[in-house]
Structures are given as structure tokens and as C-alpha cells.
Protein chains: 2
Amino acid sequence: MAKPVTVSFVDPATNLTTKEVRVVPDGSLTLLQVAQSAGLEIAATCGGRGRCRSCRVKVLQGEIPPATMQDRVQLGGEEIQERYRLSCQTCLIASCSILPAPPLTEGGHQILAAPNTRLDRGALALDSGVEKHVIVAAPPTEENHQTSDLEQIVAQLPRRVAIEATPIGVLRDLPETLRAKGGQLTVTTFLDRILDIEPGDSSAHKFGVAFDIGTTTIVASLLDLDSGEELASVANMNPQSVYGGDLMSRIAYAMNDPKKLATLRAKALNAVNDFIKEACDKAGVSTQHVYKIVVVGNTCMHHVFLGIDVSYVGLAPYAPVVRHPVVIAASELPLKATPKAVVCLLPLVAGFVGADTVACVLATRIYESKELRALVDIGTNGEVVMGNRDRLMACSAPAGPALEGAQIRHGMRGALGAIEKVRIDGDVECDVIGNVPAIGICGSGLIDAVARMLDVNVLAASGVMRHDFKDSVAQSLRERMTKTAEGRDQFVLVRKEESGKGEAVALTQSDIRQLQLAKGAIYSGILMLQKVIGVSDAELAELMLCGGFGNYISIASAVRIRLLPPLPLERITYFGNAAHVGAQMALLSETERARASELARRIEHVALASQPDFQDVFVDAISFSAPLSVAS
Amino acid sequence: MAKPVTVSFVDPATNLTTKEVRVVPDGSLTLLQVAQSAGLEIAATCGGRGRCRSCRVKVLQGEIPPATMQDRVQLGGEEIQERYRLSCQTCLIASCSILPAPPLTEGGHQILAAPNTRLDRGALALDSGVEKHVIVAAPPTEENHQTSDLEQIVAQLPRRVAIEATPIGVLRDLPETLRAKGGQLTVTTFLDRILDIEPGDSSAHKFGVAFDIGTTTIVASLLDLDSGEELASVANMNPQSVYGGDLMSRIAYAMNDPKKLATLRAKALNAVNDFIKEACDKAGVSTQHVYKIVVVGNTCMHHVFLGIDVSYVGLAPYAPVVRHPVVIAASELPLKATPKAVVCLLPLVAGFVGADTVACVLATRIYESKELRALVDIGTNGEVVMGNRDRLMACSAPAGPALEGAQIRHGMRGALGAIEKVRIDGDVECDVIGNVPAIGICGSGLIDAVARMLDVNVLAASGVMRHDFKDSVAQSLRERMTKTAEGRDQFVLVRKEESGKGEAVALTQSDIRQLQLAKGAIYSGILMLQKVIGVSDAELAELMLCGGFGNYISIASAVRIRLLPPLPLERITYFGNAAHVGAQMALLSETERARASELARRIEHVALASQPDFQDVFVDAISFSAPLSVAS
């Protein structure tokens, strides 16, 4: 039997050992698993499948395990030499001291959220369903004794309430409440249910929070339910990210393991609690006066938030466990910050067309358009909705995280040091977030770079790097066409001496292939819906980019690389974070929340993989050049 | 400042010190409070007001505190001499060693419950509202992908269900459940709500529990919801009793102190949990298959069970906080034994006319009688209901615990050694529970004894003991007319040498007064309703004795002492534990449960104290002899 060994973890910030664990190596136990079991959160964006670099660690002391194939692909020879390894791929063999690599997302990370949220409050009926009634109720008396405290209160309400639905928590303190301020009470109702009964007049305090729980980020807005005004907003990383950056990784982590599901759920609940507290702090209001919370998110986020087993959401046919609009007491989840609130989750359409997509449809009002329109949410799991007031179709487009910088050798999120724009005018010019030397490239930079590489013939329409045809490339660019340490073709965007990381920032042939798969997934979703509905590019009145990511890309570059169809550029618009806007609409208006339920029933889901001509469409969509005829 | 002292508690069974606490005497801290804070449960039937003997302790070592007036009244000189004290009245003055007196209720206690429960199943529609549906459901497929696990299941159900009301706990495991046994599932519904979804066929297992949570005892029956058959029953003391034997004491304990209320609530919830487990164990069924629980109890028990503040239930006008029929998920209480079950509490009429009375009305079917009938629940808090199919009136009669043996010098519950029947035929003859030497007298014995004492002129109709007129009493009885150590008149039922406690078992003048107040309360309730409705004794077709206690008394004796009106004896009947029968009816039949709600609205509550002629009626009712004209 193997003997136990000691693994020490060193804090990158202080260089001190922060954790030491003794474990028995069994030949399959990875460094990532050891770290996670010790409570250390090493990011594993790809879910521990060796497909990204986020979980890399440096083995400071101890026998260094041999490099794996994934180490070679993701890290390259240099880093391997420097004792870096992917912790998800490296099995523990002996006692060692481990330095987790500092997460790339630290410092100046742009949360792709708040800007440009086109919530048109003017067009919205402010009917949140939450009402406050200030009444004066008398306790039962000798003369009026065949009654109860609750009945005395309900008799004074101007609206009918379902007395039997009064939460037990409200009843428990009722006698004191009724007698505290001479019988002056504020009764808060949601539709026909009592949510809270407070002594005195608190009618000025009626708040709600709209949540968009994304795979990567969580965005929340605290709204005044009377005025519709936004009092505060909070946006941050989804703390579940360390257990997998994309959906499938997250599902794989929790699959068939109730404990891990509980871990993810606790992360989500804690985050939501913290966001509510932070937003209320910012606005200077009490969390006790938050009465309605609307949550949108994809099926996985939705289910995990409720603690529902997601094992089968990750297996074909990717069916959700429930789709109906769940309305649940915050105390039942539990959300401790707002025990009196009601939590409304918008409904789902299908496994990969979740409540976030329904919220996008709500926000863009595509459902009332006479002309055919489309909305595209570009993300790890992209979604496309197309249609008009007569018919709406939706599909999911599993792009993977390449467009967010993952699985790209020098890819990173849109954070400090990321190349976000690329021009080639004679030589290559890059805009870097924060105006610092570049350390990597984010999604919008990647799209720009590839568009320009196509323009200058560095890249063929098929996606092949033209190293064999350097002659067709301008002289000034030829020296940027180099090889990686492993001998693969690459194109250098920022030279080693100008970069902020001690090596060149370049795109490799493999990066281009990753991008092609990702953009091909999105574009084939658009093409397939065009085919099913029978709408040509010319007939598409508008294509709206939803989701934070869409805000940052160059539309011209996106069209150039065939991530988006070749529409006149003015017909492609930025909508901003439509899912979050939709959540806010459902928060402020029960009319809109009811509409969301109706839309979820109305939207027809197209399962791409089961469409007979999907393979052909996908192959077409991967290419950077259009075939002779596009529309069917 | 006072110094801390040590209080040791000795276990009566082993004579060993089981607990030692150090406390600072503050001049008002009682021995009972010290014991309770140390987690020792000394019974305090009167709620610590010095009105009973249940909390008495013997001070084995240490300075003995001076006897109080209450010590003298309740214990008498002899016990005071022997270092007995009422722990609720005795303030801690110095370090001491304390022997709690063994509770009188131990050994052979008759739970006044199960016998004679006339649940007429034949007349009952078996419509518990709980249904089991065995279905086969297919998980979503590639072809049928725009659906969800839950929708696939609901589509197979033969009845409509409110899909939005599906408990989150059921959803969490649904994917596994659906795929476990080839899609064979048992879906359990209550009305239009899903309670549980299990793999396989569990249709044969559908159970419910009916609870009567009395102030003194808790009775539970496990019923098969399909056949109505009783599978097991459990009856035991209400563990809250140690915090006060009667309602007002229990309320006083919890008043304005959420922690103490929480203690009482935990006692009730634990007891209910334990009862369910015990009943299921007895019957060999799983607690997971208990789906419906019906609870009846008076307002205080009802509120405490739900954790509702009872502070104002104990103050005039004694209004309940809620009266409506509460239906709550067991998981919300929480009842851990049966998380899937729904708990239905029957509604209340008024503060002292609770769900138990509603259940009695349901069980006796007085509401469908053409003739005027009455039902009387004799207890610490007695209730009287009178009426017919046209009109029903109810009042509460606060008899106090004297009829249960409390506040009577040698009183005790109906336990081993209690005199339960008394005959005087020349000399006094007593029947003792268990045929052992008598150690005290219980309620039924008390009523018998007083009736016989009236017969033989030991007692005048006014309630005065005729020590001054011994000549009018038979020679054989005169020597039983003696004095207590304090010089008060008493009548000896069992002489010292024949008793089991080393002293005579006797009734004192003060005992007679206590009984008069108690029986006067009940009878004045009956008389007042007769007055309000305008019904003479002759017009009263039947008087039904409900409640466990009623089963044990001699009807002739009860009429003799004017606890009950002078009806022909055949018109006074025993019903048994009607509240528990009513709970079972509501458990087996939603028709009956709906009827209970309708009855609670229909019953008119008469507040005795606010009736103008109540004082006159009460004075009349206290007397042992009738005035010349009874009916108005």
C-alpha cells in the first residue's frame, strides 16, 4: 500500500505555506482534487478536463510529475521546464510544495454587465404585485371576541387576501405587532398573499432585486418597486466558476454527487445573499424591505440555485427537470437576508434555452415585431431566437469558452492586460485594457485579430495559417509568422520584448481552430433558424446582440469572420444585457412576468443536432468565407 | 454582593447526586427555577403559583428555608417538619442538597383516551384527499425534447395537479426517481398538490395520523387512509406539563418570552415526532408513507405547536391570533419524521373554544340533531356546546385542575393508589386503582366521595362540613370527622393505618371549596347556555360527556353534586374522547374536514363573564342543592 505524503500549498501573494495536507496517492488523485479537498479554490475553467490553463500550478519542491499531453498543449515547453503543470491532469506521486498560479482574472476585470441596459421604464406598467397597505386595526375586544388578531387586520385591508396562505413566520409575532404602535400597521402583500405585517408606517420602503445568474458572472439590481428607479447594482464573478468555467464542466462537477451539488448551491445562495446585502448597503435601505426577487439564468444555474439534480441536464436530450415559473418563499431556499421575500424564477423553454433567453425575448420585445428579427446571445452557451409576433423559434449554440478567452493559448478574460482591439495598418497595433503591456488576448481582441489576419492574408478562408505562402503577406508582417516551441505555426501580435509576461502574445493554428468551432456554433445556430423559418438575410430586419459579451465586439469584425450573417451593419445592433433587463421588467411588472410565462410556452425549441442538414450547415459555418449561395 | 452557592440534586430512584449547579442567590431565585435552569424537569402543575403540591422537594442537607404560607396550605405541618417545601415558593438562601419528590403520576397512570372512541367508520366517506397514482413515465427524448421531467410525469396523472405547487424537495431528486425503475412511479397527491414522487409501486402504503394534543395528554392514532382502519395508537403525557399543568400556567410560562415559547414548541414537536415514529414502529410501516396529519387541540396547544406567541391568549378577551384552518407542510414546522406530509389543524372558534371543541362537535354530530342536545368536555378548561341543526352555541368553563386531583390536599391523577370510587353504606368503602393501599384521591373518586358525603349529611348543601352538627351523622362516620394538623375540618376516607402513604387520606373543607368552584364553573356554563338558548332541562334531549375524564365519573354522582343538570340519567351519555374521534374523521374524510371549517364559522361563542346574569348563575351553580326553579 502507498504511504501518505504531504502536500503544501503556498500563497502566491505572500509566498508562505498556507495549507498542508497529508494524503495517500492512489495513482489517480490529481493535485486539483487534493487542493479542492483541502478547501483551496483553484479555478478550473474547463472543469478539470485539461482544456484550459486556468488550473496550472508550479511545483516548487518535491519530485516533479512527468508532463502530460495536455500540459504540452496548454502550457508549452517553456512553462513545463519551469515546473508548471495543469493541476487537473497531474497525479500526485510524492510529497511536494505547490504554488497555484495567480488567477488571470484578477485586477481590472471588466464585468460584462451594467452598461447599456436599455430598460425602458416609460413603456412599463409599474405593477410589481407588491403592495403596502397602511391600516389601523384594533385588537379583539370583550364586545368583539369571536375573532382573531389576523382577522382584525385582514378586515381593514382594501384588497382580498388568501388568509390561509399567511406565512407562519408572520403569524408568530403578530400579537406584539398588532399592539406595538396603537394598531398602526403596514401590511405587505404580493398578489393575494400577505408577505409581512410590520408595526407603524413603512409604506415608503418597497424594494425588489433582479438577478441575472450567469455561468460566469452574477449581476443584480436593486429597484424601488414604486418608482422603478434603480437604487444600486452589483456585478461580480459567479463564485461557482472555480468548479468549472462552462456549463458542461459545472454539470460534470455536480453530476451524481449530491454533496458537490450542495456545494454549488451554497455558493449561489451565499452570493445572492451577499449581493442583496451589498446592494441594500449601497442604497442605504434595509434588506427586510426587499419583497420580490426575480431570478433569470440558464437551466443549469436555475436548477443548481434550487438544489435540483442537474445530472441529466448534461446528457442528451438535455431535458430540464422543471420548466414552469417557480415561485418560492425566500425562507424556503433559504435566503437569510430577505426571509419575507418571494423569489420568482422565470420559466425555461428547454435544457439549453433557459430563463435568461426568455428574459432576453421579453426585453427585446421581439415577440411584438411585425418583421422578422433575431437576437443572439454570444457566450459559452450561445442562444439564438428568431421570429416575430406570429412565431418564435430558439436554439442553443454551444460555442464553448473560446470566445471568452479560454482554451486559447494566450487567451484571458477581458481583464487588465488583455488585448481588446487589433488593427493591422502596415504593422499590427493592439489596444490593451488598462493601457499596460499586453499579457494575453480576450474575446473581442480575438475576433478583431482574426478578421485582420484574414484581411492581410495571414489566414486563409479555410482557417489555415499561410506560413507556406508568406510571399502573399506584406513584408512587415512576415516576421510575425513564427513557430511555437513545439514547432507549430503562430502569428505574433505582441513581441516578447513589448509584452507584459516575458513571452510573445501570439495566436496559434490551434487557437484559430478553437475560434472556428466557437463562431461556427453560433453562426450555424443562426443559419439553421433561418432555414427552418425560411428567412433570407435580406428579410431579417434586425439582429440584436444580447449579453454582456456582445457589447464589446466589433460588429464589422464579427461579420468579417462569419460569426454573424452578412447583414448591412446598421441592421446589427447592440442591446446590452437583455437577460438582466428582462429580469428587471418582470420584477417591476407582473404583466411582464405573466408575459414571460406565456412566451416560454410559445417559443419553439429547435434541437440543432437532430436537424437532418445540421452537419452541412455547421461545416459551412466554420469556414471564414461564404459559399456562393447563403440563404435557402 | 451575595456569594455563589452550590445546589445538588439527588435522583429519587438512585439516591445519587445527578446534577450540581453553582448559582448566586438573589433573594428571589426559587429552587424550581434553579432546577429548570439546570435542565431538571420538576413538574409544576399549577405553573409555579403555590397552588398544588407537584413541585415539592425535600431539602436533604443545608440550611432549610422557612416554610411559606403556601407550604403550610399544600404540604401541612408534618411534611414541613420533614423538610419538604414547594420548590416554586422556596427561595434559595444557601448551598443545599435537594431531593425532588417522585412525581405522583408515575406507575399505572391511566391515560384518559383510547377507550370507547366511537368512530363510526361506516358512516364516513373515505375521502382523505390523499391519492396514490401508479404511472409509467418516459424521460424526455430527442424527439420530445421541449418538455421536462416533471411535465412527463404530470402528463400521465389521471387528475389535474397544480404543477407550480410541487414541493422543491420532490423536485430535487426527480431525475433519479424518474429513471430508477424503468419510469414506474408512485405519485402521491393531496387534493391538487403533489406531495411525493417515489420510484416503483408504493400504492399499498397510504397512512395518516390523527392527533389530539391536550393540555395534559397527547393521543395519536395511525390510520390506513384507504381502509380507515386504525393500525396503532399511542397515548402519553404532554411533555409540556412540567411547565404548568393547566392552560393559564402554560401561557404564563411562555408569556412575553420567545425562548420559553420555543421550549414549549420544541416539546410539542418532539412529542409529535416521537408519537409518529412509535405508532409507525408498532404498525410496522414507514414514517415516509404518512401523508396527512390532522391535529386538534385547544387554542394554546394549537398556537404553541405552530410557534405563535400566546401572550395575549391568556389576557382578556382571550383572543386567538388566528382561527382559520391552518394547512402547513410538515417540513415547514418542521416534523422531521414525515417531511412529505401535510399537517392540517382544525380551526378555532374563540380563545377558549378551540379546535378540540370543533372536533367534538364534528364527532358527536350534534349539528344534525333535530332536538336540542349538549356536549360537555369536563377538564381543566371545560367546554360546553349546546344546540341542534339550526343553531349551535359554545362557551368555555374554566374549572381549573381540581377535578383532575390538583389543588386537592390528597388529590392525584387517576394513577396507581388513587381512590376512584367511594361508597358509604354504614362505613366508607373505597375502590383504589390497582387494588393497593390508597395514597390519594383522583377526580372521579372526589365526585363520588362528595356525593356520598352529601347523602349522609357529613356535608351541607352549601358545602359546609357539618362538624358542628355531628349528631345528624351516623355514629359509624363520626370518628372520620377530624381536624387537620392546622386545626381545619376534614373527613377521613382512608385511615392512616390503612393508607399507603403513612397518613390518612381525607378531604378538607378547603378541598370541598375547590371542588365547588370547579364543578360550579362547568355547571354554570351549562346553565348559561340553557338560559341563552332558552331550553329547560326537560327539553334537553341528550347531554354527552366528551373527553377522557368524563368516561371515568359516575353520572349519578355528577348529577348529585350538580356538576351536571338533573336530567333523567339515561339522557346523559358517555361519548369518550370525541376530540380525538373528530380528528380521525377529518383525517379520513375531506368532507368532514370541510365540515369542521363550516362548523367553526357557525358555532356562536358565548363569553360567560360578559353575560349580565352570570354572577347569579355561578353562585347558584356552586351550591350542591338546586333552587326552587331551575330553568328560566
# chains A, B, ... in the order shown; residues from 1 in each chain; ligands from 1
>>> closest_atom_pairs(of="chain B", to="chain A", cutoff="6 Å", atoms="only C-alpha atoms", output="CSV")
residue,atom,partner,partner_atom,distance
B:Thr141,CA,A:Pro317,CA,5.8
B:Glu142,CA,A:Pro317,CA,5.2
B:Gln146,CA,A:Ala350,CA,5.5
B:Ser148,CA,A:Val321,CA,5.0
B:Asp149,CA,A:Val321,CA,4.6
B:Leu150,CA,A:Val322,CA,5.6
B:Arg172,CA,A:Ile308,CA,3.9
B:Gly307,CA,A:Arg172,CA,5.9
B:Ile308,CA,A:Arg172,CA,4.0
B:Asp309,CA,A:Arg172,CA,5.6
B:Pro317,CA,A:Glu142,CA,5.2
B:Ala319,CA,A:Ser148,CA,5.7
B:Pro320,CA,A:Ser148,CA,5.0
B:Val321,CA,A:Asp149,CA,4.6
B:Val322,CA,A:Ser148,CA,5.2
B:Ala350,CA,A:Gln146,CA,5.5
>>> write_last_selection(atoms="C-alpha atoms", output="CSV table (one decimal), in the first residue's frame")
chain,number,residue,atom,x,y,z
B,141,THR,CA,-36.3,12.1,-25.7
B,142,GLU,CA,-34.6,13.6,-28.7
B,146,GLN,CA,-39.4,20.5,-25.3
B,148,SER,CA,-39.3,18.5,-18.6
B,149,ASP,CA,-39.1,15.5,-16.2
B,150,LEU,CA,-41.9,16.9,-14.2
B,172,ARG,CA,-34.6,17.9,-6.1
B,307,GLY,CA,-44.8,28.7,17.5
B,308,ILE,CA,-47.3,31.5,17.6
B,309,ASP,CA,-47.0,34.0,20.6
B,317,PRO,CA,-60.7,39.0,25.9
B,319,ALA,CA,-58.5,36.2,21.6
B,320,PRO,CA,-56.6,33.8,19.4
B,321,VAL,CA,-54.0,35.0,16.9
B,322,VAL,CA,-55.5,33.0,14.1
B,350,ALA,CA,-62.6,31.5,20.1
>>> residues_around(residues="Ala626 of chain A", least_positions_apart="5", cutoff="9 Å", atoms="only C-alpha atoms", output="CSV table (one decimal) with N, CA and C atoms, in the first residue's frame")
chain,number,residue,atom,x,y,z
A,461,ALA,N,-9.3,31.6,-45.9
A,461,ALA,CA,-10.7,31.5,-45.6
A,461,ALA,C,-11.0,30.1,-44.9
A,562,ARG,N,-17.5,35.8,-40.1
A,562,ARG,CA,-18.8,35.0,-40.2
A,562,ARG,C,-19.2,34.4,-38.8
A,620,ASP,N,-20.3,24.5,-43.2
A,620,ASP,CA,-20.3,25.8,-43.9
A,620,ASP,C,-20.0,27.0,-42.9
A,621,ALA,N,-20.6,26.9,-41.7
A,621,ALA,CA,-20.5,28.0,-40.7
A,621,ALA,C,-19.1,28.1,-40.1
>>> residues_around(residues="segment 225-239 of chain B", least_positions_apart="5", cutoff="9 Å", atoms="only C-alpha atoms", output="VMD selection string")
chain B and resid 111 to 114 121 126 to 128 130 204 to 208 213 to 220 264 267 to 268 271 275 to 276 278 to 283 292 584 587 to 589
>>> closest_residue(among="B:Ile378, B:Val456, B:Leu60, B:Leu608", to="Ile553 of chain B", atoms="only C-alpha atoms")
B:Ile378
>>> closest_residue(among="A:Pro339, A:Gly297, A:Pro565, A:Gly525", to="Ala583 of chain A", atoms="only C-alpha atoms")
A:Gly297
>>> residues_around(residues="segment 490-500 of chain A", least_positions_apart="4", cutoff="9 Å", atoms="only C-alpha atoms", output="mmCIF file with N, CA and C atoms, in the first residue's frame")
data_model
loop_
_atom_site.group_PDB
_atom_site.id
_atom_site.type_symbol
_atom_site.label_atom_id
_atom_site.label_comp_id
_atom_site.auth_asym_id
_atom_site.auth_seq_id
_atom_site.Cartn_x
_atom_site.Cartn_y
_atom_site.Cartn_z
ATOM 1 N N GLY A 417 -4.609 44.107 -19.006
ATOM 2 C CA GLY A 417 -3.539 43.482 -19.767
ATOM 3 C C GLY A 417 -4.024 42.687 -20.965
ATOM 4 N N VAL A 422 -7.650 45.022 -32.255
ATOM 5 C CA VAL A 422 -6.462 44.807 -33.100
ATOM 6 C C VAL A 422 -6.684 45.507 -34.439
ATOM 7 N N VAL A 428 1.089 45.578 -36.942
ATOM 8 C CA VAL A 428 -0.013 45.250 -36.011
ATOM 9 C C VAL A 428 -0.051 46.278 -34.883
ATOM 10 N N GLU A 429 -1.265 46.776 -34.593
ATOM 11 C CA GLU A 429 -1.437 47.669 -33.447
ATOM 12 C C GLU A 429 -2.528 47.100 -32.549
ATOM 13 N N CYS A 430 -2.255 47.033 -31.254
ATOM 14 C CA CYS A 430 -3.228 46.446 -30.318
ATOM 15 C C CYS A 430 -3.633 47.465 -29.266
ATOM 16 N N VAL A 436 -1.664 48.893 -20.468
ATOM 17 C CA VAL A 436 -0.436 48.301 -19.905
ATOM 18 C C VAL A 436 0.123 47.341 -20.942
ATOM 19 N N PRO A 437 1.357 46.894 -20.793
ATOM 20 C CA PRO A 437 1.858 45.878 -21.714
ATOM 21 C C PRO A 437 0.934 44.657 -21.716
ATOM 22 N N ALA A 438 0.706 44.104 -22.896
ATOM 23 C CA ALA A 438 -0.256 43.004 -23.025
ATOM 24 C C ALA A 438 0.247 41.731 -22.354
ATOM 25 N N ILE A 439 -0.675 41.021 -21.706
ATOM 26 C CA ILE A 439 -0.314 39.702 -21.176
ATOM 27 C C ILE A 439 -1.154 38.599 -21.819
ATOM 28 N N GLY A 440 -2.161 38.982 -22.609
ATOM 29 C CA GLY A 440 -2.989 37.971 -23.250
ATOM 30 C C GLY A 440 -4.003 38.641 -24.141
ATOM 31 N N ALA A 449 -8.532 40.339 -34.232
ATOM 32 C CA ALA A 449 -7.260 39.827 -34.732
ATOM 33 C C ALA A 449 -7.487 38.904 -35.922
ATOM 34 N N MET A 453 -6.306 39.322 -39.688
ATOM 35 C CA MET A 453 -5.410 38.315 -40.270
ATOM 36 C C MET A 453 -5.972 37.803 -41.593
ATOM 37 N N VAL A 458 -2.827 36.573 -43.849
ATOM 38 C CA VAL A 458 -2.067 35.703 -42.940
ATOM 39 C C VAL A 458 -2.844 34.395 -42.760
ATOM 40 N N MET A 465 -3.278 28.815 -41.429
ATOM 41 C CA MET A 465 -2.284 29.881 -41.391
ATOM 42 C C MET A 465 -1.368 29.727 -42.588
ATOM 43 N N HIS A 467 1.648 30.030 -43.572
ATOM 44 C CA HIS A 467 3.101 30.066 -43.411
ATOM 45 C C HIS A 467 3.822 29.613 -44.689
ATOM 46 N N LEU A 477 4.767 42.071 -42.028
ATOM 47 C CA LEU A 477 4.082 41.112 -41.149
ATOM 48 C C LEU A 477 4.765 39.746 -41.127
ATOM 49 N N GLU A 479 7.654 38.623 -40.383
ATOM 50 C CA GLU A 479 8.480 38.206 -39.235
ATOM 51 C C GLU A 479 7.608 37.807 -38.045
ATOM 52 N N ARG A 480 6.318 38.192 -38.092
ATOM 53 C CA ARG A 480 5.406 37.800 -37.002
ATOM 54 C C ARG A 480 4.903 36.364 -37.180
ATOM 55 N N MET A 481 5.163 35.808 -38.358
ATOM 56 C CA MET A 481 4.709 34.437 -38.622
ATOM 57 C C MET A 481 5.813 33.489 -38.194
ATOM 58 N N THR A 482 5.703 33.033 -36.919
ATOM 59 C CA THR A 482 6.782 32.217 -36.352
ATOM 60 C C THR A 482 6.230 30.858 -35.924
ATOM 61 N N LYS A 483 7.086 30.146 -35.200
ATOM 62 C CA LYS A 483 6.674 28.821 -34.719
ATOM 63 C C LYS A 483 6.664 28.823 -33.196
ATOM 64 N N THR A 484 5.815 28.001 -32.617
ATOM 65 C CA THR A 484 5.844 27.808 -31.166
ATOM 66 C C THR A 484 7.032 26.908 -30.835
ATOM 67 N N ALA A 504 6.081 36.304 -26.044
ATOM 68 C CA ALA A 504 5.226 36.918 -27.041
ATOM 69 C C ALA A 504 3.771 36.519 -26.822
ATOM 70 N N VAL A 505 2.868 37.426 -27.171
ATOM 71 C CA VAL A 505 1.447 37.076 -27.200
ATOM 72 C C VAL A 505 1.096 36.792 -28.650
ATOM 73 N N ALA A 506 0.730 35.533 -28.910
ATOM 74 C CA ALA A 506 0.523 35.117 -30.294
ATOM 75 C C ALA A 506 -0.730 34.268 -30.409
ATOM 76 N N LEU A 507 -1.217 34.117 -31.622
ATOM 77 C CA LEU A 507 -2.312 33.176 -31.877
ATOM 78 C C LEU A 507 -1.744 31.989 -32.642
ATOM 79 N N THR A 508 -2.062 30.783 -32.194
ATOM 80 C CA THR A 508 -1.546 29.596 -32.859
ATOM 81 C C THR A 508 -2.602 29.043 -33.819
ATOM 82 N N GLN A 509 -2.166 28.139 -34.658
ATOM 83 C CA GLN A 509 -3.110 27.469 -35.565
ATOM 84 C C GLN A 509 -4.244 26.830 -34.758
ATOM 85 N N SER A 510 -3.861 26.246 -33.622
ATOM 86 C CA SER A 510 -4.869 25.574 -32.800
ATOM 87 C C SER A 510 -5.860 26.583 -32.214
ATOM 88 N N ASP A 511 -5.379 27.787 -31.874
ATOM 89 C CA ASP A 511 -6.288 28.830 -31.394
ATOM 90 C C ASP A 511 -7.323 29.181 -32.458
#
>>> residues_around(residues="Ala94 of chain A", least_positions_apart="6", cutoff="9 Å", atoms="only C-alpha atoms", output="PyMOL selection string")
chain A and resi 4-7+25+62-65
>>> write_last_selection(atoms="N, CA and C atoms", output="tab-separated table (two decimals), in the first residue's frame")
chain	number	residue	atom	x	y	z
A	4	PRO	N	1.26	7.68	3.01
A	4	PRO	CA	0.79	9.06	2.90
A	4	PRO	C	1.95	10.02	2.61
A	5	VAL	N	1.67	11.03	1.83
A	5	VAL	CA	2.66	12.06	1.53
A	5	VAL	C	2.07	13.41	1.96
A	6	THR	N	2.94	14.42	2.03
A	6	THR	CA	2.49	15.75	2.46
A	6	THR	C	2.49	16.70	1.27
A	7	VAL	N	1.39	17.39	1.10
A	7	VAL	CA	1.30	18.40	0.04
A	7	VAL	C	1.12	19.76	0.72
A	25	PRO	N	-1.36	8.90	-2.05
A	25	PRO	CA	-1.51	8.94	-3.52
A	25	PRO	C	-1.99	7.58	-3.99
A	62	GLY	N	9.91	19.07	-4.37
A	62	GLY	CA	9.43	17.71	-4.46
A	62	GLY	C	9.56	17.18	-5.87
A	63	GLU	N	9.43	15.88	-5.97
A	63	GLU	CA	9.56	15.20	-7.27
A	63	GLU	C	8.51	15.75	-8.23
A	64	ILE	N	8.93	16.14	-9.42
A	64	ILE	CA	8.00	16.75	-10.38
A	64	ILE	C	7.38	15.66	-11.25
A	65	PRO	N	6.07	15.56	-11.26
A	65	PRO	CA	5.45	14.51	-12.09
A	65	PRO	C	5.70	14.79	-13.57
